[in-house]
Structures are given as C-alpha cells and as structure tokens.
file protein_16.txt (compact mmCIF, C-alpha atoms and all ligand atoms)
# COMPACT_ATOMS: atom_id res chain seq x y z
CA MET A 1 -200.66 164.71 112.74
CA GLN A 2 -200.87 164.26 116.53
CA ILE A 3 -197.86 162.32 117.86
CA GLN A 4 -198.02 163.20 121.56
CA GLY A 5 -200.15 160.55 123.24
CA SER A 6 -200.46 158.52 120.04
CA ILE A 7 -200.18 154.75 119.84
CA ALA A 8 -197.77 154.15 116.99
CA LEU A 9 -196.63 151.09 115.06
CA VAL A 10 -193.40 151.08 113.04
CA THR A 11 -192.62 148.31 110.55
CA GLY A 12 -188.96 147.41 109.98
CA ALA A 13 -188.17 149.10 113.28
CA ASN A 14 -185.02 147.12 114.07
CA GLY A 15 -182.57 149.30 112.17
CA GLY A 16 -181.95 152.09 109.69
CA ILE A 17 -184.67 154.66 109.28
CA GLY A 18 -187.14 152.55 111.29
CA ARG A 19 -185.00 153.00 114.38
CA GLN A 20 -184.97 156.77 113.70
CA PHE A 21 -188.77 156.77 113.56
CA VAL A 22 -188.84 155.07 116.97
CA ASP A 23 -186.42 157.61 118.45
CA GLY A 24 -188.55 160.44 117.04
CA LEU A 25 -191.75 158.97 118.44
CA ARG A 26 -190.17 158.61 121.89
CA ALA A 27 -188.92 162.20 121.81
CA ALA A 28 -192.36 163.45 120.74
CA ASN A 29 -194.04 161.61 123.63
CA ALA A 30 -195.95 158.87 121.85
CA ALA A 31 -197.81 156.90 124.53
CA LYS A 32 -196.97 153.45 123.16
CA ILE A 33 -194.78 152.30 120.28
CA TYR A 34 -195.23 148.88 118.70
CA VAL A 35 -191.93 147.99 117.05
CA CYS A 36 -192.06 145.32 114.34
CA ALA A 37 -189.42 143.03 112.90
CA ARG A 38 -189.34 139.66 111.22
CA SER A 39 -187.47 138.24 114.20
CA LEU A 40 -188.35 139.22 117.78
CA ALA A 41 -184.72 138.75 118.86
CA LYS A 42 -183.73 141.70 116.66
CA LEU A 43 -185.96 143.94 118.76
CA ASP A 44 -184.44 143.20 122.17
CA PRO A 45 -182.02 146.19 122.17
CA LEU A 46 -184.85 148.54 121.18
CA VAL A 47 -187.23 147.27 123.88
CA ALA A 48 -184.46 147.58 126.48
CA LEU A 49 -184.32 151.33 125.80
CA ASP A 50 -187.87 151.97 126.98
CA PRO A 51 -189.66 148.80 128.16
CA GLU A 52 -192.61 150.80 129.51
CA ARG A 53 -193.54 152.16 126.11
CA ILE A 54 -191.97 149.88 123.48
CA VAL A 55 -193.80 146.66 122.61
CA PRO A 56 -192.16 144.13 120.25
CA ILE A 57 -194.23 142.49 117.50
CA GLU A 58 -193.16 139.81 115.04
CA LEU A 59 -194.21 140.82 111.54
CA GLU A 60 -193.56 139.72 107.98
CA VAL A 61 -195.38 142.23 105.77
CA THR A 62 -195.66 139.85 102.82
CA ASN A 63 -197.48 137.23 104.91
CA LEU A 64 -201.15 138.06 105.30
CA GLU A 65 -201.58 135.85 108.38
CA SER A 66 -198.67 137.62 110.07
CA VAL A 67 -200.08 141.04 109.15
CA GLN A 68 -203.57 140.14 110.38
CA ALA A 69 -202.18 138.72 113.64
CA ALA A 70 -200.29 141.98 114.23
CA ALA A 71 -203.43 144.01 113.49
CA ALA A 72 -205.40 141.93 116.00
CA LYS A 73 -202.73 142.35 118.71
CA CYS A 74 -202.31 146.08 118.07
CA SER A 75 -205.93 147.13 117.69
CA ASP A 76 -205.31 150.36 119.63
CA VAL A 77 -202.98 151.85 116.98
CA THR A 78 -203.61 155.46 115.94
CA LEU A 79 -200.46 156.04 113.87
CA LEU A 80 -199.23 153.41 111.40
CA ILE A 81 -195.74 153.95 109.95
CA ASN A 82 -195.06 151.67 106.97
CA ASN A 83 -191.27 151.80 106.89
CA ALA A 84 -190.26 148.21 106.04
CA GLY A 85 -188.80 147.95 102.57
CA ILE A 86 -186.10 146.33 100.49
CA SER A 87 -183.90 147.59 97.71
CA LEU A 88 -182.18 144.84 95.74
CA ASN A 89 -180.50 147.37 93.50
CA GLN A 90 -181.16 145.67 90.17
CA ALA A 91 -181.55 147.30 86.79
CA ILE A 92 -184.92 146.77 85.15
CA ILE A 93 -183.93 145.53 81.68
CA ALA A 94 -180.38 144.28 82.30
CA ALA A 95 -181.28 142.05 85.27
CA ASP A 96 -180.90 138.31 84.61
CA SER A 97 -184.44 137.56 85.79
CA LEU A 98 -187.47 139.20 87.36
CA ASP A 99 -186.85 137.56 90.75
CA SER A 100 -185.64 140.80 92.36
CA ALA A 101 -188.48 142.74 90.81
CA ARG A 102 -191.04 140.30 92.21
CA ALA A 103 -189.41 140.34 95.65
CA GLU A 104 -189.43 144.15 95.77
CA LEU A 105 -193.06 144.25 94.64
CA GLU A 106 -194.06 141.80 97.37
CA VAL A 107 -192.45 143.82 100.17
CA ASN A 108 -192.58 147.46 99.04
CA TYR A 109 -195.93 147.48 97.30
CA PHE A 110 -198.14 144.55 98.33
CA GLY A 111 -196.66 144.47 101.85
CA LEU A 112 -197.55 148.12 102.31
CA ILE A 113 -201.05 147.53 100.96
CA ASN A 114 -201.47 144.50 103.28
CA MET A 115 -200.67 146.74 106.24
CA CYS A 116 -203.00 149.56 105.18
CA ARG A 117 -205.89 147.16 104.60
CA ALA A 118 -205.37 145.29 107.88
CA PHE A 119 -205.03 148.38 110.08
CA ALA A 120 -207.60 150.71 108.46
CA PRO A 121 -210.53 149.31 110.50
CA SER A 122 -208.65 149.88 113.80
CA LEU A 123 -207.60 153.39 112.78
CA LYS A 124 -211.20 154.17 111.98
CA ALA A 125 -212.48 152.61 115.22
CA ASN A 126 -209.90 154.61 117.20
CA GLY A 127 -211.28 157.88 115.95
CA GLY A 128 -209.41 158.26 112.67
CA GLY A 129 -205.63 157.99 112.82
CA THR A 130 -202.80 158.46 110.36
CA ILE A 131 -200.90 156.19 107.95
CA VAL A 132 -197.37 157.25 107.00
CA ASN A 133 -195.90 155.42 103.98
CA THR A 134 -192.14 155.66 103.52
CA LEU A 135 -191.36 156.58 99.91
CA SER A 136 -188.24 157.54 97.96
CA ALA A 137 -187.23 160.97 96.74
CA GLY A 138 -185.30 159.15 93.98
CA GLU A 139 -188.55 158.47 92.18
CA SER A 140 -188.81 162.11 91.15
CA LYS A 141 -185.42 162.10 89.42
CA PRO A 142 -185.51 160.74 85.84
CA PRO A 143 -184.46 158.37 84.48
CA LEU A 144 -186.06 155.73 86.68
CA GLN A 145 -183.04 153.47 86.68
CA ARG A 146 -183.91 151.17 89.51
CA LEU A 147 -187.03 149.20 90.09
CA ILE A 148 -187.46 150.46 93.66
CA GLN A 149 -188.00 153.97 92.35
CA CYS A 150 -190.84 152.73 90.14
CA LEU A 151 -192.33 150.84 93.06
CA LYS A 152 -192.16 153.83 95.35
CA SER A 153 -193.81 155.84 92.59
CA GLY A 154 -196.59 153.27 92.63
CA CYS A 155 -196.93 153.72 96.38
CA THR A 156 -197.01 157.49 95.95
CA PHE A 157 -199.77 157.10 93.39
CA CYS A 158 -201.59 154.79 95.77
CA ASN A 159 -201.22 157.32 98.59
CA ALA A 160 -202.25 160.28 96.52
CA LEU A 161 -205.13 158.96 94.48
CA CYS A 162 -206.51 156.04 96.44
CA SER A 163 -205.58 156.34 100.07
CA ARG A 164 -205.51 160.03 100.76
CA ARG A 165 -208.40 161.25 98.68
CA VAL A 166 -210.85 158.38 98.63
CA GLU A 167 -210.09 155.48 100.94
CA CYS A 168 -208.88 157.54 103.86
CA SER A 169 -211.90 159.77 103.85
CA ARG A 170 -214.09 156.66 103.85
CA ASN A 171 -212.06 155.10 106.63
CA ALA A 172 -211.64 158.28 108.62
CA CYS A 173 -207.86 158.20 108.71
CA GLY A 174 -205.17 160.53 107.39
CA CYS A 175 -202.37 159.46 105.06
CA GLY A 176 -198.89 160.95 104.87
CA ASP A 177 -195.73 160.46 102.84
CA ALA A 178 -192.23 160.16 104.32
CA TRP A 179 -189.66 160.90 101.62
CA ASN A 180 -186.20 159.36 101.92
CA GLY A 181 -183.04 159.99 99.88
N1 LIG A 201 -181.92 154.52 103.18
C1 LIG A 201 -182.24 155.23 102.09
O1 LIG A 201 -181.43 156.00 101.55
C2 LIG A 201 -183.63 155.14 101.52
C3 LIG A 201 -183.91 155.84 100.35
C4 LIG A 201 -185.20 155.79 99.82
C5 LIG A 201 -186.20 155.06 100.46
N2 LIG A 201 -185.89 154.38 101.58
C6 LIG A 201 -186.98 153.61 102.21
O2 LIG A 201 -186.98 153.82 103.61
C7 LIG A 201 -187.38 152.63 104.28
C8 LIG A 201 -186.34 152.23 105.30
O3 LIG A 201 -185.08 152.15 104.64
P1 LIG A 201 -183.73 151.75 105.41
O4 LIG A 201 -182.62 152.33 104.62
O5 LIG A 201 -183.85 152.08 106.86
O6 LIG A 201 -183.71 150.18 105.17
P2 LIG A 201 -183.06 149.01 106.04
O7 LIG A 201 -182.02 149.54 106.97
O8 LIG A 201 -182.68 147.95 105.06
O9 LIG A 201 -184.30 148.53 106.90
C9 LIG A 201 -185.42 147.96 106.28
C10 LIG A 201 -186.27 147.34 107.35
O10 LIG A 201 -187.37 146.70 106.71
C11 LIG A 201 -187.47 145.37 107.23
N3 LIG A 201 -188.07 144.47 106.26
C12 LIG A 201 -187.58 144.13 105.04
N4 LIG A 201 -188.38 143.23 104.45
C13 LIG A 201 -189.40 142.99 105.32
C14 LIG A 201 -190.53 142.13 105.29
N5 LIG A 201 -190.80 141.34 104.24
N6 LIG A 201 -191.38 142.13 106.37
C15 LIG A 201 -191.12 142.91 107.43
N7 LIG A 201 -190.05 143.74 107.54
C16 LIG A 201 -189.20 143.76 106.49
C17 LIG A 201 -186.04 144.98 107.54
O11 LIG A 201 -186.02 143.88 108.43
P3 LIG A 201 -184.81 142.83 108.47
O12 LIG A 201 -183.78 143.46 109.38
O13 LIG A 201 -185.43 141.60 109.04
O14 LIG A 201 -184.33 142.65 107.06
C18 LIG A 201 -185.52 146.27 108.16
O15 LIG A 201 -185.90 146.38 109.50
C19 LIG A 201 -187.61 151.58 103.18
O16 LIG A 201 -188.98 151.53 102.85
C20 LIG A 201 -186.78 152.11 102.03
O17 LIG A 201 -187.27 151.67 100.78
C21 LIG A 201 -184.65 154.39 102.13

call {"tool": "encode", "arguments": {"input": "protein_16.txt", "output": "structure tokens", "more": "lines below"}}
Ligand SMILES: NC(=O)c1ccc[n+]([C@@H]2O[C@H](COP(=O)([O-])OP(=O)(O)OC[C@H]3O[C@@H](n4cnc5c(N)ncnc54)[C@H](OP(=O)(O)O)[C@@H]3O)[C@@H](O)[C@H]2O)c1
result
Amino acid sequence: MQIQGSIALVTGANGGIGRQFVDGLRAANAAKIYVCARSLAKLDPLVALDPERIVPIELEVTNLESVQAAAAKCSDVTLLINNAGISLNQAIIAADSLDSARAELEVNYFGLINMCRAFAPSLKANGGGTIVNTLSAGESKPPLQRLIQCLKSGCTFCNALCSRRVECSRNACGCGDAWNG
C-alpha cells in the first residue's frame, strides 16, 4: 500500500483510533487527508493541526445520501479507511431487544458496505487504490459473546471473499484489514 503522496479518507476521524490513523497518514506524508465526522464542529481541532492537508467532511455512514455526497466531494481519493464503528456492548441472547443489534449492523456492516460501494468507482478511476476496513481481533476468540464480534466477522468475510478476491480485482483496487483489540 502506497501512503506517501496518497489522498486518504478516514471515517470516524474525530477521536479514538480514527485520530491515530490521521496522525499516521500525516507522518507517512499523505498528500491530502479527508477527515470525516457526523458533525463538522468535531473536526475543528484536527483541521487546525494541518489546515494545508486536512479537509473536513460531514459524513453519516448509515445515510446513503450523505455517503454519496462525500464520494462526490472526494472523488480524488486513493486510500479509503473505513474506521467508523459502534460497539453497544450487548449480549446476543440476553439483550432485552434487537435494537442494539440493528444499530450495530447499520453502522458496522451496512455503513461499511455503503462506503465501499460509493468510493469504488473513484478508486478505480484514480488508478486503483486501497480500501482498509477496521475489524476486531476479538472475533477470532471464541465464544463470540458480543454482537460486534459477529459483525466484524461478517466484514472480514466480506473483505476476504467478496472485496479482496472478486470485487476489488474487478474494480482495480486493493483491500486491507486493520485489526483492533
Ligand atoms: N477500541 C477498540 O478496542 C476496538 C476494538 C475492536 C475494534 N475496534 C474498531 O475500531 C474502530 C474505531 O474504534 P474506536 O475505539 O476508535 O471507536 P470510537 O472512539 O468510539 O470512535 C468511533 C468513531 O466512529 C464514528 N461513528 C460512529 N457511528 C458513525 C456513523 N453512523 N457515521 C459516521 N461515523 C460514525 C464516531 O463518531 P461520533 O464521535 O460522532 O460518535 C467516532 O468518530 C471501530 O470500527 C471499532 O469497531 C475498536
């Protein structure tokens, strides 16, 4: 993966691991970094660090219009980092309802797919870039106690079988996994 000179986009960039991705991209000399958050105000401190290279973008990954608007604004992206995610920390069977499960699916699974689908044409047009999907190392440790681990497993499956081997070769972009604790 070529980071130097790349034009990167990080979802959920306003804190946590997303902020670490941004710091890493700056250190590795990315040419431009689109930083995404649901509220532009949350991005002000990040933009202030490096206003020449950091461009704020409002993005809600579960909203297709928002995702498509971001893809249209950031059509020069060569490195897409899908970091946004939620963990509502609910058990699967003991939870009172499926509300948390549905919310996690919307963000962690369908949100990620929304982003891949919306940005794949730009990545292809820009010569074939890279998609990095943030996963969870917890998924590999049985038993799968929390829903997020199942969801991240689904994303891994999507990366491995669909994106990396078939879709990415068709769309001329690479696909990587970022494993978190
Ligand atoms: N931290 C860990 O130990 C760990 C372990 C395994 C996997 N991960 C994965 O690593 C990634 C980052 O984790 P983190 O710990 O840095 O989480 P975090 O601090 O909670 O940050 C998550 C980011 O995602 C954004 N986000 C949430 N829902 C969104 C939505 N619907 N649309 C757009 N952005 C949204 C949040 O924005 P707001 O500020 O607006 O909420 C926030 O910027 C996630 O995918 C997570 O599942 C983390």

call {"tool": "closest_atom_pairs", "arguments": {"input": "protein_16.txt", "of": "chain A", "to": "ligand LIG 201 (chain A)", "cutoff": "7 Å", "atoms": "only C-alpha atoms and all ligand atoms", "output": "Markdown table"}}
result
| residue | atom | partner | partner_atom | distance |
| --- | --- | --- | --- | --- |
| A:Thr11 | CA | A:LIG201 | N7 | 6.0 |
| A:Gly12 | CA | A:LIG201 | O15 | 3.3 |
| A:Ala13 | CA | A:LIG201 | O15 | 5.2 |
| A:Asn14 | CA | A:LIG201 | O15 | 4.7 |
| A:Gly15 | CA | A:LIG201 | O15 | 5.2 |
| A:Gly16 | CA | A:LIG201 | O5 | 3.4 |
| A:Ile17 | CA | A:LIG201 | O5 | 3.6 |
| A:Gly18 | CA | A:LIG201 | O5 | 5.5 |
| A:Ala37 | CA | A:LIG201 | N7 | 5.4 |
| A:Arg38 | CA | A:LIG201 | O13 | 4.9 |
| A:Ser39 | CA | A:LIG201 | O13 | 6.5 |
| A:Leu59 | CA | A:LIG201 | C15 | 5.6 |
| A:Glu60 | CA | A:LIG201 | N6 | 3.6 |
| A:Val61 | CA | A:LIG201 | N6 | 4.0 |
| A:Thr62 | CA | A:LIG201 | N5 | 5.3 |
| A:Asn83 | CA | A:LIG201 | O16 | 4.7 |
| A:Ala84 | CA | A:LIG201 | O10 | 3.3 |
| A:Gly85 | CA | A:LIG201 | O16 | 3.6 |
| A:Ile86 | CA | A:LIG201 | C12 | 5.3 |
| A:Ser87 | CA | A:LIG201 | O17 | 6.1 |
| A:Val107 | CA | A:LIG201 | N5 | 5.0 |
| A:Asn108 | CA | A:LIG201 | O16 | 6.6 |
| A:Thr134 | CA | A:LIG201 | O16 | 5.2 |
| A:Leu135 | CA | A:LIG201 | C5 | 5.4 |
| A:Ser136 | CA | A:LIG201 | C4 | 4.0 |
| A:Ala137 | CA | A:LIG201 | C4 | 6.4 |
| A:Gly138 | CA | A:LIG201 | C4 | 6.7 |
| A:Trp179 | CA | A:LIG201 | C5 | 6.9 |
| A:Asn180 | CA | A:LIG201 | C4 | 4.3 |
| A:Gly181 | CA | A:LIG201 | C3 | 4.3 |

call {"tool": "closest_residue", "arguments": {"input": "protein_16.txt", "among": "A:Gln4, A:Glu106, A:Met115, A:Gln90", "to": "Cys36 in chain A", "atoms": "all atoms listed in the file"}}
result
A:Met115

call {"tool": "residues_around", "arguments": {"input": "protein_16.txt", "residues": "Ala72 in chain A", "least_positions_apart": "5", "cutoff": "9 Å", "atoms": "only C-alpha atoms", "output": "number ranges by chain"}}
result
A: 67, 118-119, 122

call {"tool": "closest_residue", "arguments": {"input": "protein_16.txt", "among": "A:Ala8, A:Ala27, A:Val77, A:Ala70", "to": "Asn114 in chain A", "atoms": "all atoms listed in the file"}}
result
A:Ala70

call {"tool": "closest_residue", "arguments": {"input": "protein_16.txt", "among": "A:Leu79, A:Pro51, A:Ser66, A:Asp44", "to": "Ala30 in chain A", "atoms": "all atoms listed in the file"}}
result
A:Leu79

call {"tool": "atom_distance", "arguments": {"input": "protein_16.txt", "atom1": "CA of Ile7 in chain A", "atom2": "CA of Ala125 in chain A"}}
result
13.3 Å

call {"tool": "residues_around", "arguments": {"input": "protein_16.txt", "residues": "Lys32 in chain A", "least_positions_apart": "2", "cutoff": "9 Å", "atoms": "only C-alpha atoms", "output": "PyMOL selection string"}}
result
chain A and resi 5-9+25-26+29-30+34+52-55+77

call {"tool": "atom_distance", "arguments": {"input": "protein_16.txt", "atom1": "CA of Phe110 in chain A", "atom2": "CA of Cys74 in chain A"}}
result
20.2 Å

call {"tool": "atom_distance", "arguments": {"input": "protein_16.txt", "atom1": "CA of Leu123 in chain A", "atom2": "CA of Thr78 in chain A"}}
result
5.5 Å

call {"tool": "closest_residue", "arguments": {"input": "protein_16.txt", "among": "A:Ile33, A:Val10, A:Leu64, A:Leu46", "to": "Arg117 in chain A", "atoms": "all atoms listed in the file"}}
result
A:Leu64
